[in-house]
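*Asks:* Got a structure for you, written out below as structure tokens; questions coming shortly.
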Amino acid sequence: MMGFSAGGELAAMASTRYDAGVAGAADPIESESSKPAFQALLYPAIPHNMSLSKQTPPAFLVCGEDDRPDIAEGLPQLYLSLKHAGVSAELHILARTGHGFGVRPGNRPPVSDWPQLFVEWLDVQGMLEHK
């Protein structure tokens with residue numbers, strides 16, 4: 001699950017508020033877990049009172065150093081909280097970068113590098129199929 005800005009907050013909440021599914025449910029969808037395989041949070045608003053555990057999905061975290069303090073300082077704090085909970089996490093703080101950089105043709109390094117870093121992280125996590 002990936003989310004940017006407010007969507008990052010929703011992705012973080014979904015990554016900590018999932019259920020295992022309902023065994024024997026009549027609807028096969030309801031029998032499936034809602035736990036995301038990973039969380040990619042890009043300059044997210046940080047949810048308050050996140051319940052982190054070793055079962056929290058691995059996290060890829062990116063923000064700009066010039067973003068609002070609650071994000072530029074909050075994301076490193078979230079990284080540390082994830083690590084203390086035993087969750088695999090990777091954090092990137094991009095120099096001279098603010099909020100909302102996304103994926104744009106005009107982005108220059110280091111901002112333009114984050115999608116490749118994400119793909120490499122997915123590979124390290126074993127989430128890419130190699131043919």
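Numbering starts fresh at 1 for the residues of each chain in the structure tokens, the chains themselves are lettered A, B, ... in the order given, and ligands are numbered from 1 as they appear.
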Go through region 57-96 of chain A and flag each residue having an atom no more than 10 Å from region 2-17 of chain A; for those, report the closest pair of atoms plus their distance in Å to one decimal, using only C-alpha atoms, ordered by chain and rising number, as a Markdown table.
*Replies:*
| residue | atom | partner | partner_atom | distance |
| --- | --- | --- | --- | --- |
| A:Pro57 | CA | A:Ser15 | CA | 6.3 |
| A:Pro58 | CA | A:Ser15 | CA | 9.1 |
| A:Ala59 | CA | A:Ala12 | CA | 9.1 |
| A:Phe60 | CA | A:Met2 | CA | 9.1 |
| A:Leu61 | CA | A:Gly8 | CA | 9.6 |
| A:Val62 | CA | A:Phe4 | CA | 9.5 |
| A:Cys63 | CA | A:Ser5 | CA | 9.5 |
| A:Ile71 | CA | A:Ser5 | CA | 9.1 |
*Asks:* Selected residues, N, CA, C and O atoms, written as a JSON list (two decimals), in the first residue's frame, please.
*Replies:*
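And here's out.json as it stands now:
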[["chain", "number", "residue", "atom", "x", "y", "z"],
["A", 57, "PRO", "N", 3.42, -4.28, 8.68],
["A", 57, "PRO", "CA", 4.09, -4.48, 7.40],
["A", 57, "PRO", "C", 5.36, -3.64, 7.28],
["A", 57, "PRO", "O", 5.46, -2.55, 7.85],
["A", 58, "PRO", "N", 6.35, -4.14, 6.52],
["A", 58, "PRO", "CA", 7.58, -3.37, 6.31],
["A", 58, "PRO", "C", 7.27, -2.02, 5.68],
["A", 58, "PRO", "O", 6.27, -1.87, 4.97],
["A", 59, "ALA", "N", 8.15, -1.05, 5.95],
["A", 59, "ALA", "CA", 7.86, 0.33, 5.56],
["A", 59, "ALA", "C", 9.00, 0.95, 4.75],
["A", 59, "ALA", "O", 10.17, 0.81, 5.10],
["A", 60, "PHE", "N", 8.60, 1.66, 3.69],
["A", 60, "PHE", "CA", 9.51, 2.49, 2.89],
["A", 60, "PHE", "C", 9.04, 3.92, 3.12],
["A", 60, "PHE", "O", 7.89, 4.25, 2.84],
["A", 61, "LEU", "N", 9.91, 4.76, 3.65],
["A", 61, "LEU", "CA", 9.54, 6.10, 4.09],
["A", 61, "LEU", "C", 10.37, 7.15, 3.35],
["A", 61, "LEU", "O", 11.60, 7.03, 3.30],
["A", 62, "VAL", "N", 9.71, 8.18, 2.82],
["A", 62, "VAL", "CA", 10.41, 9.25, 2.10],
["A", 62, "VAL", "C", 9.77, 10.59, 2.44],
["A", 62, "VAL", "O", 8.54, 10.72, 2.45],
["A", 63, "CYS", "N", 10.62, 11.59, 2.68],
["A", 63, "CYS", "CA", 10.15, 12.97, 2.84],
["A", 63, "CYS", "C", 11.28, 13.91, 2.44],
["A", 63, "CYS", "O", 12.40, 13.49, 2.23],
["A", 71, "ILE", "N", 6.24, 16.53, 9.53],
["A", 71, "ILE", "CA", 6.58, 15.46, 8.59],
["A", 71, "ILE", "C", 8.09, 15.24, 8.56],
["A", 71, "ILE", "O", 8.56, 14.12, 8.74]]
*Asks:* Residues near Thr97 (chain A), anyone? I mean within 10 Å using only C-alpha atoms, not counting same-chain ones fewer than 4 positions away, as a list in words.
*Replies:*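 The residues that qualify are Cys63, Gly64, Glu65, Asp66, Asp67, Ile93, Phe101, Pro110 and Val111 of chain A.
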*Asks:* May I have the residues from that selection written out with all heavy atoms, as a compact mmCIF listing (two decimals), in the first residue's frame?
*Replies:*
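Dumped to selection02.txt:
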# COMPACT_ATOMS: atom_id res chain seq x y z
N CYS A 63 10.62 11.59 2.68
CA CYS A 63 10.15 12.97 2.84
C CYS A 63 11.28 13.91 2.44
O CYS A 63 12.40 13.49 2.23
CB CYS A 63 9.68 13.24 4.26
SG CYS A 63 10.98 13.30 5.51
N GLY A 64 10.95 15.19 2.35
CA GLY A 64 11.94 16.21 2.07
C GLY A 64 12.35 16.91 3.35
O GLY A 64 11.53 17.08 4.27
N GLU A 65 13.60 17.32 3.42
CA GLU A 65 14.09 17.98 4.63
C GLU A 65 13.41 19.33 4.86
O GLU A 65 13.35 19.81 5.99
CB GLU A 65 15.60 18.16 4.59
CG GLU A 65 16.08 19.22 3.62
CD GLU A 65 17.58 19.51 3.75
OE1 GLU A 65 18.19 19.22 4.79
OE2 GLU A 65 18.13 20.04 2.78
N ASP A 66 12.87 19.94 3.80
CA ASP A 66 12.23 21.25 3.93
C ASP A 66 10.72 21.16 4.07
O ASP A 66 10.02 22.17 3.93
CB ASP A 66 12.59 22.13 2.72
CG ASP A 66 14.06 22.48 2.68
OD1 ASP A 66 14.71 22.48 3.75
OD2 ASP A 66 14.57 22.74 1.57
N ASP A 67 10.20 19.96 4.32
CA ASP A 67 8.76 19.79 4.54
C ASP A 67 8.41 20.36 5.92
O ASP A 67 9.28 20.76 6.69
CB ASP A 67 8.38 18.31 4.47
CG ASP A 67 6.94 18.09 4.04
OD1 ASP A 67 6.08 18.96 4.27
OD2 ASP A 67 6.66 17.02 3.46
N ILE A 93 15.45 10.90 3.49
CA ILE A 93 15.12 12.31 3.66
C ILE A 93 15.88 13.05 2.57
O ILE A 93 17.11 13.04 2.55
CB ILE A 93 15.51 12.81 5.07
CG1 ILE A 93 14.80 11.97 6.13
CG2 ILE A 93 15.15 14.30 5.20
CD1 ILE A 93 15.25 12.26 7.54
N PHE A 101 6.48 16.46 -3.86
CA PHE A 101 7.34 16.30 -5.04
C PHE A 101 6.87 15.20 -5.98
O PHE A 101 7.09 15.28 -7.18
CB PHE A 101 8.80 16.07 -4.65
CG PHE A 101 9.00 15.01 -3.60
CD1 PHE A 101 9.05 13.67 -3.92
CD2 PHE A 101 9.15 15.38 -2.27
CE1 PHE A 101 9.25 12.71 -2.95
CE2 PHE A 101 9.34 14.44 -1.28
CZ PHE A 101 9.39 13.09 -1.62
N PRO A 110 18.16 14.52 -5.88
CA PRO A 110 17.81 13.18 -5.44
C PRO A 110 16.32 12.86 -5.53
O PRO A 110 15.94 11.71 -5.39
CB PRO A 110 18.28 13.16 -3.99
CG PRO A 110 18.05 14.56 -3.52
CD PRO A 110 18.37 15.43 -4.73
N VAL A 111 15.49 13.86 -5.78
CA VAL A 111 14.04 13.63 -5.80
C VAL A 111 13.65 12.62 -6.87
O VAL A 111 12.83 11.74 -6.63
CB VAL A 111 13.27 14.96 -5.99
CG1 VAL A 111 11.79 14.71 -6.10
CG2 VAL A 111 13.56 15.90 -4.84
*Asks:* Give me, as a list in words, the residues of region 36-122 of chain A that a backbone DSSP run labels helix (DSSP H, G or I).
*Replies:*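 The residues of region 36-122 of chain A classed as helix (DSSP H, G or I) are Pro69, Asp70, Ile71, Ala72, Gly74, Leu75, Pro76, Gln77, Leu78, Tyr79, Leu80, Ser81, Leu82, Lys83, His84, Val111, Ser112, Asp113, Trp114, Pro115, Gln116, Leu117, Phe118, Val119, Glu120, Trp121 and Leu122 of chain A.
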*Asks:* Now that the selection is made, can you save its residues with N, CA, C and O atoms as an mmCIF file, in the first residue's frame?
*Replies:*
data_model
loop_
_atom_site.group_PDB
_atom_site.id
_atom_site.type_symbol
_atom_site.label_atom_id
_atom_site.label_comp_id
_atom_site.auth_asym_id
_atom_site.auth_seq_id
_atom_site.Cartn_x
_atom_site.Cartn_y
_atom_site.Cartn_z
ATOM 1 N N PRO A 69 7.666 20.627 9.780
ATOM 2 C CA PRO A 69 8.353 19.886 10.848
ATOM 3 C C PRO A 69 7.621 18.610 11.280
ATOM 4 O O PRO A 69 8.287 17.617 11.603
ATOM 5 N N ASP A 70 6.288 18.620 11.291
ATOM 6 C CA ASP A 70 5.585 17.412 11.724
ATOM 7 C C ASP A 70 5.855 16.244 10.784
ATOM 8 O O ASP A 70 5.764 15.091 11.187
ATOM 9 N N ILE A 71 6.236 16.527 9.534
ATOM 10 C CA ILE A 71 6.582 15.462 8.590
ATOM 11 C C ILE A 71 8.090 15.243 8.564
ATOM 12 O O ILE A 71 8.562 14.119 8.739
ATOM 13 N N ALA A 72 8.865 16.302 8.354
ATOM 14 C CA ALA A 72 10.325 16.174 8.231
ATOM 15 C C ALA A 72 10.963 15.644 9.511
ATOM 16 O O ALA A 72 12.001 14.986 9.460
ATOM 17 N N GLY A 74 8.787 14.150 12.008
ATOM 18 C CA GLY A 74 7.915 13.051 12.430
ATOM 19 C C GLY A 74 8.226 11.739 11.734
ATOM 20 O O GLY A 74 8.117 10.666 12.341
ATOM 21 N N LEU A 75 8.631 11.790 10.466
ATOM 22 C CA LEU A 75 8.914 10.551 9.743
ATOM 23 C C LEU A 75 10.145 9.836 10.313
ATOM 24 O O LEU A 75 10.099 8.613 10.494
ATOM 25 N N PRO A 76 11.235 10.541 10.621
ATOM 26 C CA PRO A 76 12.341 9.847 11.290
ATOM 27 C C PRO A 76 11.926 9.248 12.644
ATOM 28 O O PRO A 76 12.382 8.167 13.010
ATOM 29 N N GLN A 77 11.039 9.930 13.364
ATOM 30 C CA GLN A 77 10.554 9.378 14.629
ATOM 31 C C GLN A 77 9.735 8.103 14.378
ATOM 32 O O GLN A 77 9.851 7.125 15.119
ATOM 33 N N LEU A 78 8.913 8.109 13.298
ATOM 34 C CA LEU A 78 8.157 6.909 12.957
ATOM 35 C C LEU A 78 9.107 5.774 12.597
ATOM 36 O O LEU A 78 8.914 4.635 13.003
ATOM 37 N N TYR A 79 10.153 6.086 11.829
ATOM 38 C CA TYR A 79 11.160 5.082 11.484
ATOM 39 C C TYR A 79 11.723 4.428 12.750
ATOM 40 O O TYR A 79 11.809 3.197 12.850
ATOM 41 N N LEU A 80 12.119 5.247 13.719
ATOM 42 C CA LEU A 80 12.678 4.713 14.961
ATOM 43 C C LEU A 80 11.652 3.865 15.712
ATOM 44 O O LEU A 80 11.998 2.809 16.254
ATOM 45 N N SER A 81 10.413 4.293 15.717
ATOM 46 C CA SER A 81 9.359 3.511 16.373
ATOM 47 C C SER A 81 9.164 2.167 15.686
ATOM 48 O O SER A 81 8.977 1.134 16.349
ATOM 49 N N LEU A 82 9.199 2.168 14.358
ATOM 50 C CA LEU A 82 9.084 0.908 13.609
ATOM 51 C C LEU A 82 10.249 -0.020 13.948
ATOM 52 O O LEU A 82 10.057 -1.217 14.194
ATOM 53 N N LYS A 83 11.465 0.527 13.969
ATOM 54 C CA LYS A 83 12.638 -0.285 14.282
ATOM 55 C C LYS A 83 12.548 -0.861 15.693
ATOM 56 O O LYS A 83 12.862 -2.028 15.908
ATOM 57 N N HIS A 84 12.096 -0.051 16.654
ATOM 58 C CA HIS A 84 11.953 -0.538 18.032
ATOM 59 C C HIS A 84 10.901 -1.633 18.134
ATOM 60 O O HIS A 84 10.990 -2.486 19.013
ATOM 61 N N VAL A 111 15.486 13.861 -5.780
ATOM 62 C CA VAL A 111 14.041 13.630 -5.798
ATOM 63 C C VAL A 111 13.651 12.619 -6.873
ATOM 64 O O VAL A 111 12.826 11.738 -6.630
ATOM 65 N N SER A 112 14.236 12.715 -8.044
ATOM 66 C CA SER A 112 13.859 11.812 -9.137
ATOM 67 C C SER A 112 14.304 10.377 -8.885
ATOM 68 O O SER A 112 13.860 9.461 -9.579
ATOM 69 N N ASP A 113 15.143 10.149 -7.883
ATOM 70 C CA ASP A 113 15.676 8.810 -7.619
ATOM 71 C C ASP A 113 14.764 7.939 -6.748
ATOM 72 O O ASP A 113 14.942 6.724 -6.701
ATOM 73 N N TRP A 114 13.798 8.550 -6.055
ATOM 74 C CA TRP A 114 13.047 7.753 -5.083
ATOM 75 C C TRP A 114 12.284 6.591 -5.711
ATOM 76 O O TRP A 114 12.209 5.514 -5.078
ATOM 77 N N PRO A 115 11.706 6.690 -6.934
ATOM 78 C CA PRO A 115 10.996 5.510 -7.465
ATOM 79 C C PRO A 115 11.926 4.294 -7.652
ATOM 80 O O PRO A 115 11.536 3.166 -7.355
ATOM 81 N N GLN A 116 13.143 4.544 -8.102
ATOM 82 C CA GLN A 116 14.097 3.431 -8.263
ATOM 83 C C GLN A 116 14.497 2.862 -6.907
ATOM 84 O O GLN A 116 14.620 1.645 -6.748
ATOM 85 N N LEU A 117 14.692 3.730 -5.930
ATOM 86 C CA LEU A 117 14.985 3.257 -4.575
ATOM 87 C C LEU A 117 13.853 2.379 -4.049
ATOM 88 O O LEU A 117 14.089 1.360 -3.397
ATOM 89 N N PHE A 118 12.622 2.766 -4.359
ATOM 90 C CA PHE A 118 11.456 1.992 -3.926
ATOM 91 C C PHE A 118 11.448 0.616 -4.579
ATOM 92 O O PHE A 118 11.237 -0.405 -3.909
ATOM 93 N N VAL A 119 11.695 0.555 -5.880
ATOM 94 C CA VAL A 119 11.720 -0.731 -6.582
ATOM 95 C C VAL A 119 12.823 -1.620 -6.001
ATOM 96 O O VAL A 119 12.614 -2.821 -5.786
ATOM 97 N N GLU A 120 13.990 -1.050 -5.743
ATOM 98 C CA GLU A 120 15.082 -1.820 -5.142
ATOM 99 C C GLU A 120 14.700 -2.319 -3.759
ATOM 100 O O GLU A 120 15.022 -3.451 -3.377
ATOM 101 N N TRP A 121 14.003 -1.490 -2.992
ATOM 102 C CA TRP A 121 13.549 -1.901 -1.659
ATOM 103 C C TRP A 121 12.561 -3.054 -1.773
ATOM 104 O O TRP A 121 12.654 -4.030 -1.015
ATOM 105 N N LEU A 122 11.610 -2.961 -2.714
ATOM 106 C CA LEU A 122 10.664 -4.061 -2.925
ATOM 107 C C LEU A 122 11.408 -5.352 -3.234
ATOM 108 O O LEU A 122 11.048 -6.431 -2.742
#
*Asks:* Provide the CA of Ala89 (chain A) to CA of Val124 (chain A) distance in Å, to one decimal place.
*Replies:*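 CA of Ala89 (chain A) sits 11.3 Å away from CA of Val124 (chain A).
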*Asks:* Would you mind reading off the distance between CA of Ala25 (chain A) and CA of Leu52 (chain A), one decimal, in Å?
*Replies:*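 Distance between the two atoms: 27.5 Å.
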*Asks:* Mind checking which residues fall within 9 Å of Gln55 (chain A), counting only C-alpha atoms, ignoring those fewer than 4 positions away in the same chain, and posting them as number ranges by chain?
*Replies:* A: 16, 85-87
*Asks:* Per DSSP on the backbone, filter chain A down to the residues in strand (DSSP E or B) and report them as number ranges by chain.
*Replies:* A: 2-4, 39-42, 59-64, 89-94
*Asks:* Please write the residues from the selection above to a file, keeping C-alpha atoms, as a short mmCIF file (atom, residue, chain, number, x, y, z; two decimals), in the first residue's frame.
*Replies:*
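Saved result, result.cif, follows:
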data_model
loop_
_atom_site.label_atom_id
_atom_site.label_comp_id
_atom_site.auth_asym_id
_atom_site.auth_seq_id
_atom_site.Cartn_x
_atom_site.Cartn_y
_atom_site.Cartn_z
CA MET A 2 1.38 3.38 -1.01
CA GLY A 3 0.20 6.81 -0.01
CA PHE A 4 1.33 10.39 -0.50
CA GLN A 39 3.57 0.38 3.40
CA ALA A 40 5.22 3.06 1.28
CA LEU A 41 4.67 6.41 2.97
CA LEU A 42 5.73 9.49 1.03
CA ALA A 59 7.86 0.33 5.56
CA PHE A 60 9.51 2.49 2.89
CA LEU A 61 9.54 6.10 4.09
CA VAL A 62 10.41 9.25 2.10
CA CYS A 63 10.15 12.97 2.84
CA GLY A 64 11.94 16.21 2.07
CA ALA A 89 11.97 -0.08 7.50
CA GLU A 90 13.96 2.16 5.18
CA LEU A 91 14.01 5.97 5.48
CA HIS A 92 15.04 8.58 2.90
CA ILE A 93 15.12 12.31 3.66
CA LEU A 94 15.74 14.26 0.47
#
*Asks:* Applying 6 Å and only C-alpha atoms, which residues near Gly21 (chain A) remain after dropping the ones on its own chain fewer than 4 positions away? List them as a VMD selection string.
*Replies:* chain A and resid 30 to 33
